[in-house]
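Right, one structure below, let's go through it.
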Amino acid sequence: MRITVTTRSGRELIKGGLDLSDSATVADLQEAIHKRTKKFYPSRQRLTLPIPSGSKERPVVLASKKNLKEYTDGSTDELTVVFKDLGAQVKYSTLFFWEYLGPLIIFPIFYYFPVYKFFGYEQEHTPLPVQTYALYYCCFHYFKRIMETFFVHRFSHATSPLSNVFRNCAYYWTFGAWIAYYVSHPLYTPVSDLQMKIGFGFGLLCQVSNLYCHILLRNLRSSDGSGYQIPRGFLFNVVTCANYTTEIYQWLGFNIATQTIAGYAFMVVAAAIMTNWAIAKHRRLKKLFDGKNGKPKYPRRWVILPPFF
């Protein structure tokens, strides 16, 4: 089978094309491209079918497990595919590890070390109980996220662009430092003891619930992270993205207990990001499970933030 590989500009990536067996898969083609180009390893490649000039249709992305013959009309042994370089890639576990490691280190630095002397506060400071609990709370949260990354999550995509490491680390590390600075500050004014207990108690309940939601999601996916199913069980019976719900509400609990502008700002930004993800996932599941052709119909549920949305 003769495969012609072109770039999006129409230039032939591999002169003369590639000859593969009739049983070759898209993954075999990606390996063949890697052998010829060296630079473009499989996870860096995005292969699509060509679309007519001027067409506004989205190109068909080739699935790595499919046979190349499935993308022909069956009457020819030739196929043209369009190559796109996705750039340098890293594993999602690597991305998540580095973005969560920052706050896990930053919070103890502000709590245990005399960093406030660099900001003009020379006096000795004895941490308040709420500041100690805030440290434990945040460290538990980010340690949990790292453990989930390696032992719970199954990713639908194997890799992420390397640039996302710098972007995500900037996001988590900056907010982590901002929150830690105010929560551990020598002039920090605590909330009432009752409010602190309510906030941290509610937040810890949400953290444990978030872990359980991630375990339920893990069991929905195959070991390679592929395939979609309707999430069921626990909070998923009433909300599509219960994992995002518990993530947002656990930071609400933290903010009830600590009351800092930085903490609320982080929660609002995170909620906005996760709401966009939740809307997209909700629409995708409703489209995929439309009740037609023997498919189950996606049940009516909240999207992300019951009882509001």
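Following the order of the structure tokens, first chain is A, next is B, and so on, with residues numbered from 1 inside each chain and ligands from 1 in the order they appear.
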
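Residues in contact with Leu101 of chain A at 12 Å, where only C-alpha atoms are counted and same-chain residues fewer than 3 positions away are skipped, are listed as A:Ser93, A:Thr94, A:Leu95, A:Phe96, A:Phe97, A:Trp98, A:Leu104, A:Ile105, A:Ile106, A:Phe107, A:Pro108, A:Cys138, A:Cys139, A:Phe140, A:His141, A:Tyr142, A:Phe143, A:Lys144, A:Arg145, A:Ile146, A:Met147, A:Thr149, A:Val165, A:Asn168, A:Cys169, A:Ala170, A:Tyr172, A:Trp173, A:Gly176.
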
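The list of residues with at least one atom within 9 Å of Gln229 of chain A, based on only C-alpha atoms and without residues fewer than 5 positions apart in the same chain, reads Leu220, Arg221, Leu285 and Phe289 of chain A.
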
Per residue of segment 33-137 of chain A within 8 Å of segment 153-158 of chain A, record the nearest atom pair and its distance in Å to one decimal, counting only C-alpha atoms, with rows in chain order and ascending residue number, as CSV.
```
residue,atom,partner,partner_atom,distance
A:Ser43,CA,A:Ala158,CA,7.5
A:Lys91,CA,A:Ala158,CA,6.1
A:Tyr92,CA,A:Ala158,CA,6.6
```

Backbone DSSP call of strand (DSSP E or B) for segment 15-260 of chain A, listed as a ChimeraX atom specification
/A:18-19,25,45-48,61,67,78-85,89-91,159-161,239

Would you mind exporting the chosen residues as an mmCIF file, in the first residue's frame, restricted to N, CA, C and O atoms?
```cif
data_model
loop_
_atom_site.group_PDB
_atom_site.id
_atom_site.type_symbol
_atom_site.label_atom_id
_atom_site.label_comp_id
_atom_site.auth_asym_id
_atom_site.auth_seq_id
_atom_site.Cartn_x
_atom_site.Cartn_y
_atom_site.Cartn_z
ATOM 1 N N LEU A 18 5.597 6.237 1.189
ATOM 2 C CA LEU A 18 5.929 5.060 1.992
ATOM 3 C C LEU A 18 5.163 3.854 1.485
ATOM 4 O O LEU A 18 3.985 3.981 1.101
ATOM 5 N N ASP A 19 5.797 2.717 1.498
ATOM 6 C CA ASP A 19 5.138 1.463 1.125
ATOM 7 C C ASP A 19 4.919 0.633 2.378
ATOM 8 O O ASP A 19 5.882 0.250 3.062
ATOM 9 N N THR A 25 -1.563 -0.467 10.237
ATOM 10 C CA THR A 25 -2.437 0.455 10.971
ATOM 11 C C THR A 25 -1.860 1.866 10.901
ATOM 12 O O THR A 25 -0.742 2.085 10.419
ATOM 13 N N GLN A 45 2.924 13.544 16.135
ATOM 14 C CA GLN A 45 2.280 13.575 14.819
ATOM 15 C C GLN A 45 0.761 13.668 14.926
ATOM 16 O O GLN A 45 0.147 13.040 15.781
ATOM 17 N N ARG A 46 0.183 14.451 14.054
ATOM 18 C CA ARG A 46 -1.274 14.474 13.857
ATOM 19 C C ARG A 46 -1.524 14.237 12.387
ATOM 20 O O ARG A 46 -1.118 15.033 11.545
ATOM 21 N N LEU A 47 -2.172 13.111 12.080
ATOM 22 C CA LEU A 47 -2.433 12.738 10.697
ATOM 23 C C LEU A 47 -3.916 12.862 10.389
ATOM 24 O O LEU A 47 -4.760 12.386 11.155
ATOM 25 N N THR A 48 -4.233 13.513 9.282
ATOM 26 C CA THR A 48 -5.629 13.699 8.864
ATOM 27 C C THR A 48 -5.773 13.368 7.390
ATOM 28 O O THR A 48 -4.780 13.288 6.645
ATOM 29 N N VAL A 61 -9.436 13.035 11.578
ATOM 30 C CA VAL A 61 -8.185 12.664 12.238
ATOM 31 C C VAL A 61 -8.054 11.146 12.240
ATOM 32 O O VAL A 61 -8.986 10.433 12.626
ATOM 33 N N ASN A 67 -7.013 0.382 10.905
ATOM 34 C CA ASN A 67 -6.288 -0.043 9.721
ATOM 35 C C ASN A 67 -6.351 1.058 8.670
ATOM 36 O O ASN A 67 -7.377 1.704 8.502
ATOM 37 N N GLU A 78 -3.773 3.210 -2.648
ATOM 38 C CA GLU A 78 -3.058 4.451 -2.388
ATOM 39 C C GLU A 78 -3.843 5.324 -1.419
ATOM 40 O O GLU A 78 -5.071 5.328 -1.418
ATOM 41 N N LEU A 79 -3.111 6.045 -0.577
ATOM 42 C CA LEU A 79 -3.753 6.929 0.413
ATOM 43 C C LEU A 79 -2.864 8.142 0.635
ATOM 44 O O LEU A 79 -1.646 8.020 0.759
ATOM 45 N N THR A 80 -3.490 9.298 0.650
ATOM 46 C CA THR A 80 -2.774 10.534 0.959
ATOM 47 C C THR A 80 -3.217 11.027 2.328
ATOM 48 O O THR A 80 -4.417 11.112 2.610
ATOM 49 N N VAL A 81 -2.245 11.328 3.176
ATOM 50 C CA VAL A 81 -2.549 11.850 4.513
ATOM 51 C C VAL A 81 -1.812 13.173 4.701
ATOM 52 O O VAL A 81 -0.774 13.419 4.085
ATOM 53 N N VAL A 82 -2.394 14.009 5.549
ATOM 54 C CA VAL A 82 -1.807 15.316 5.832
ATOM 55 C C VAL A 82 -1.171 15.282 7.213
ATOM 56 O O VAL A 82 -1.812 14.889 8.192
ATOM 57 N N PHE A 83 0.066 15.695 7.293
ATOM 58 C CA PHE A 83 0.849 15.650 8.524
ATOM 59 C C PHE A 83 0.895 17.025 9.188
ATOM 60 O O PHE A 83 1.076 18.045 8.531
ATOM 61 N N LYS A 84 0.739 17.031 10.524
ATOM 62 C CA LYS A 84 0.937 18.255 11.302
ATOM 63 C C LYS A 84 1.853 17.944 12.475
ATOM 64 O O LYS A 84 1.652 16.961 13.190
ATOM 65 N N ASP A 85 2.860 18.782 12.667
ATOM 66 C CA ASP A 85 3.780 18.628 13.795
ATOM 67 C C ASP A 85 3.157 19.282 15.026
ATOM 68 O O ASP A 85 2.908 20.494 15.040
ATOM 69 N N GLN A 89 6.488 17.002 22.982
ATOM 70 C CA GLN A 89 5.434 16.474 23.844
ATOM 71 C C GLN A 89 6.006 15.916 25.150
ATOM 72 O O GLN A 89 7.171 15.494 25.203
ATOM 73 N N VAL A 90 5.181 15.923 26.191
ATOM 74 C CA VAL A 90 5.522 15.273 27.460
ATOM 75 C C VAL A 90 4.323 14.444 27.901
ATOM 76 O O VAL A 90 3.184 14.714 27.502
ATOM 77 N N LYS A 91 4.563 13.461 28.733
ATOM 78 C CA LYS A 91 3.474 12.665 29.283
ATOM 79 C C LYS A 91 2.606 13.531 30.199
ATOM 80 O O LYS A 91 3.104 14.439 30.863
ATOM 81 N N THR A 159 -0.030 12.250 25.596
ATOM 82 C CA THR A 159 0.921 13.340 25.808
ATOM 83 C C THR A 159 0.255 14.701 25.690
ATOM 84 O O THR A 159 -0.869 14.833 25.208
ATOM 85 N N SER A 160 1.003 15.702 26.115
ATOM 86 C CA SER A 160 0.573 17.103 26.049
ATOM 87 C C SER A 160 1.752 17.926 25.532
ATOM 88 O O SER A 160 2.918 17.550 25.759
ATOM 89 N N PRO A 161 1.502 19.050 24.856
ATOM 90 C CA PRO A 161 2.617 19.890 24.398
ATOM 91 C C PRO A 161 3.508 20.331 25.556
ATOM 92 O O PRO A 161 3.014 20.659 26.635
ATOM 93 N N VAL A 239 -24.982 15.077 38.631
ATOM 94 C CA VAL A 239 -24.185 16.113 37.964
ATOM 95 C C VAL A 239 -23.190 15.455 37.021
ATOM 96 O O VAL A 239 -22.581 14.436 37.355
#
```

Give me the residues near Cys241 of chain A as a PyMOL selection string, where near means some atom within 7 Å (using only C-alpha atoms) and where sequence neighbours in that chain fewer than 5 positions away do not count.
chain A and resi 236+278+303-304

Please produce an output containing C-alpha atoms for each residue in the selection, written as a PDB file, in the first residue's frame.
```pdb
ATOM      1  CA  PHE A 236     -22.485  11.470  38.984  1.00  0.00           C
ATOM      2  CA  ALA A 278     -17.778  20.728  31.895  1.00  0.00           C
ATOM      3  CA  VAL A 303     -23.623  20.279  34.429  1.00  0.00           C
ATOM      4  CA  ILE A 304     -21.165  21.226  37.172  1.00  0.00           C
TER       5      ILE A 304
END
```

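Our summary of the geometry notes that atom CA of Phe308 of chain A is positioned 21.1 Å from atom CA of Gly263 of chain A.
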
With only C-alpha atoms as the counted atoms, please give the residues lying no more than 12 Å from Ser21 of chain A, apart from itself and same-chain residues fewer than 6 positions off, as a PDB file with all heavy atoms, in the first residue's frame.
```
ATOM      1  N   MET A   1       0.852  -1.195   0.000  1.00  0.00           N
ATOM      2  CA  MET A   1       0.000   0.000   0.000  1.00  0.00           C
ATOM      3  C   MET A   1       0.887   1.244   0.000  1.00  0.00           C
ATOM      4  O   MET A   1       1.793   1.371   0.830  1.00  0.00           O
ATOM      5  CB  MET A   1      -0.917  -0.007   1.235  1.00  0.00           C
ATOM      6  CG  MET A   1      -1.932   1.108   1.249  1.00  0.00           C
ATOM      7  SD  MET A   1      -3.061   0.950   2.649  1.00  0.00           S
ATOM      8  CE  MET A   1      -4.188   2.306   2.284  1.00  0.00           C
ATOM      9  N   ARG A   2       0.641   2.153  -0.938  1.00  0.00           N
ATOM     10  CA  ARG A   2       1.443   3.352  -1.076  1.00  0.00           C
ATOM     11  C   ARG A   2       0.777   4.517  -0.318  1.00  0.00           C
ATOM     12  O   ARG A   2      -0.370   4.843  -0.551  1.00  0.00           O
ATOM     13  CB  ARG A   2       1.618   3.696  -2.553  1.00  0.00           C
ATOM     14  CG  ARG A   2       2.280   5.052  -2.827  1.00  0.00           C
ATOM     15  CD  ARG A   2       3.620   5.196  -2.132  1.00  0.00           C
ATOM     16  NE  ARG A   2       4.593   4.233  -2.576  1.00  0.00           N
ATOM     17  CZ  ARG A   2       5.457   4.469  -3.569  1.00  0.00           C
ATOM     18  NH1 ARG A   2       5.431   5.626  -4.189  1.00  0.00           N
ATOM     19  NH2 ARG A   2       6.331   3.544  -3.920  1.00  0.00           N
ATOM     20  N   ILE A   3       1.551   5.104   0.594  1.00  0.00           N
ATOM     21  CA  ILE A   3       1.065   6.215   1.400  1.00  0.00           C
ATOM     22  C   ILE A   3       1.849   7.476   1.039  1.00  0.00           C
ATOM     23  O   ILE A   3       3.088   7.481   1.086  1.00  0.00           O
ATOM     24  CB  ILE A   3       1.228   5.959   2.912  1.00  0.00           C
ATOM     25  CG1 ILE A   3       0.673   4.575   3.289  1.00  0.00           C
ATOM     26  CG2 ILE A   3       0.549   7.072   3.715  1.00  0.00           C
ATOM     27  CD1 ILE A   3      -0.812   4.438   3.105  1.00  0.00           C
ATOM     28  N   ASP A  28       1.346   2.020  12.675  1.00  0.00           N
ATOM     29  CA  ASP A  28       2.473   1.553  11.860  1.00  0.00           C
ATOM     30  C   ASP A  28       2.968   2.675  10.950  1.00  0.00           C
ATOM     31  O   ASP A  28       4.186   2.837  10.752  1.00  0.00           O
ATOM     32  CB  ASP A  28       2.055   0.354  11.010  1.00  0.00           C
ATOM     33  CG  ASP A  28       1.712  -0.870  11.847  1.00  0.00           C
ATOM     34  OD1 ASP A  28       2.328  -1.029  12.930  1.00  0.00           O
ATOM     35  OD2 ASP A  28       0.833  -1.650  11.432  1.00  0.00           O
ATOM     36  N   LEU A  29       2.051   3.444  10.403  1.00  0.00           N
ATOM     37  CA  LEU A  29       2.428   4.579   9.557  1.00  0.00           C
ATOM     38  C   LEU A  29       3.199   5.621  10.361  1.00  0.00           C
ATOM     39  O   LEU A  29       4.206   6.166   9.893  1.00  0.00           O
ATOM     40  CB  LEU A  29       1.175   5.204   8.940  1.00  0.00           C
ATOM     41  CG  LEU A  29       1.374   6.524   8.173  1.00  0.00           C
ATOM     42  CD1 LEU A  29       2.376   6.341   7.029  1.00  0.00           C
ATOM     43  CD2 LEU A  29       0.034   7.046   7.647  1.00  0.00           C
ATOM     44  N   ALA A  32       6.651   4.469  10.841  1.00  0.00           N
ATOM     45  CA  ALA A  32       7.406   4.570   9.593  1.00  0.00           C
ATOM     46  C   ALA A  32       7.840   6.010   9.335  1.00  0.00           C
ATOM     47  O   ALA A  32       8.964   6.259   8.880  1.00  0.00           O
ATOM     48  CB  ALA A  32       6.558   4.053   8.432  1.00  0.00           C
ATOM     49  N   ASN A  67      -7.013   0.382  10.905  1.00  0.00           N
ATOM     50  CA  ASN A  67      -6.288  -0.043   9.721  1.00  0.00           C
ATOM     51  C   ASN A  67      -6.351   1.058   8.670  1.00  0.00           C
ATOM     52  O   ASN A  67      -7.377   1.704   8.502  1.00  0.00           O
ATOM     53  CB  ASN A  67      -6.914  -1.332   9.169  1.00  0.00           C
ATOM     54  CG  ASN A  67      -6.052  -1.976   8.103  1.00  0.00           C
ATOM     55  OD1 ASN A  67      -5.871  -1.448   7.018  1.00  0.00           O
ATOM     56  ND2 ASN A  67      -5.513  -3.150   8.416  1.00  0.00           N
ATOM     57  N   LEU A  68      -5.247   1.265   7.969  1.00  0.00           N
ATOM     58  CA  LEU A  68      -5.202   2.325   6.957  1.00  0.00           C
ATOM     59  C   LEU A  68      -6.220   2.090   5.844  1.00  0.00           C
ATOM     60  O   LEU A  68      -6.730   3.037   5.246  1.00  0.00           O
ATOM     61  CB  LEU A  68      -3.790   2.416   6.371  1.00  0.00           C
ATOM     62  CG  LEU A  68      -2.719   2.986   7.314  1.00  0.00           C
ATOM     63  CD1 LEU A  68      -1.328   2.771   6.728  1.00  0.00           C
ATOM     64  CD2 LEU A  68      -2.969   4.462   7.563  1.00  0.00           C
ATOM     65  N   LYS A  69      -6.536   0.834   5.582  1.00  0.00           N
ATOM     66  CA  LYS A  69      -7.510   0.498   4.544  1.00  0.00           C
ATOM     67  C   LYS A  69      -8.888   1.105   4.829  1.00  0.00           C
ATOM     68  O   LYS A  69      -9.664   1.375   3.918  1.00  0.00           O
ATOM     69  CB  LYS A  69      -7.638  -1.022   4.425  1.00  0.00           C
ATOM     70  CG  LYS A  69      -6.555  -1.697   3.624  1.00  0.00           C
ATOM     71  CD  LYS A  69      -6.776  -1.476   2.129  1.00  0.00           C
ATOM     72  CE  LYS A  69      -5.822  -2.313   1.302  1.00  0.00           C
ATOM     73  NZ  LYS A  69      -6.049  -2.090  -0.148  1.00  0.00           N
ATOM     74  N   ASP A  77      -5.107   1.132  -3.649  1.00  0.00           N
ATOM     75  CA  ASP A  77      -4.061   0.816  -2.685  1.00  0.00           C
ATOM     76  C   ASP A  77      -3.216   2.047  -2.389  1.00  0.00           C
ATOM     77  O   ASP A  77      -2.079   1.928  -1.929  1.00  0.00           O
ATOM     78  CB  ASP A  77      -3.160  -0.306  -3.223  1.00  0.00           C
ATOM     79  CG  ASP A  77      -3.850  -1.661  -3.180  1.00  0.00           C
ATOM     80  OD1 ASP A  77      -4.717  -1.831  -2.304  1.00  0.00           O
ATOM     81  OD2 ASP A  77      -3.525  -2.521  -4.013  1.00  0.00           O
ATOM     82  N   GLU A  78      -3.773   3.210  -2.648  1.00  0.00           N
ATOM     83  CA  GLU A  78      -3.058   4.451  -2.388  1.00  0.00           C
ATOM     84  C   GLU A  78      -3.843   5.324  -1.419  1.00  0.00           C
ATOM     85  O   GLU A  78      -5.071   5.328  -1.418  1.00  0.00           O
ATOM     86  CB  GLU A  78      -2.801   5.212  -3.690  1.00  0.00           C
ATOM     87  CG  GLU A  78      -1.884   4.476  -4.659  1.00  0.00           C
ATOM     88  CD  GLU A  78      -1.574   5.304  -5.890  1.00  0.00           C
ATOM     89  OE1 GLU A  78      -2.166   6.409  -6.020  1.00  0.00           O
ATOM     90  OE2 GLU A  78      -0.759   4.861  -6.705  1.00  0.00           O
TER      91      GLU A  78
END
```

Secondary structure check, helix (DSSP H, G or I) residues of segment 60-295 of chain A, as number ranges by chain
A: 68-71, 92-112, 115-119, 129-151, 163-183, 193-220, 234-237, 242-258, 261-288

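Our summary of the geometry notes that atom CA of Tyr188 of chain A is positioned 12.2 Å from atom CA of Tyr116 of chain A.
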
Considering only C-alpha atoms, return as number ranges by chain whatever protein or nucleic-acid residues lie within 12 Å of segment 132-137 of chain A, sequence-local ones (same chain, fewer than 2 positions apart) excluded.
A: 103-112, 126-130, 139-144, 176, 179-185, 190, 193, 196-197, 199-208, 250-251, 253-260, 263

Atomic distance atom CA of Glu70 of chain A - atom CA of Pro50 of chain A, expressed in Å with one decimal:
14.9 Å

Ranking A:Ile248, A:Asp22, A:Glu122, A:Leu13 by minimum distance to Arg36 of chain A and counting only C-alpha atoms, which one comes first?
A:Leu13

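The list of residues with at least one atom within 6 Å of Cys213 of chain A, based on only C-alpha atoms and without residues fewer than 3 positions apart in the same chain, reads A:Asn210, A:Leu216, A:Asn243.
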
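The list of residues with at least one atom within 8 Å of Tyr41 of chain A, based on only C-alpha atoms and without residues fewer than 4 positions apart in the same chain, reads Gln30, Glu31, Ile33, His34 and Gln45 of chain A.
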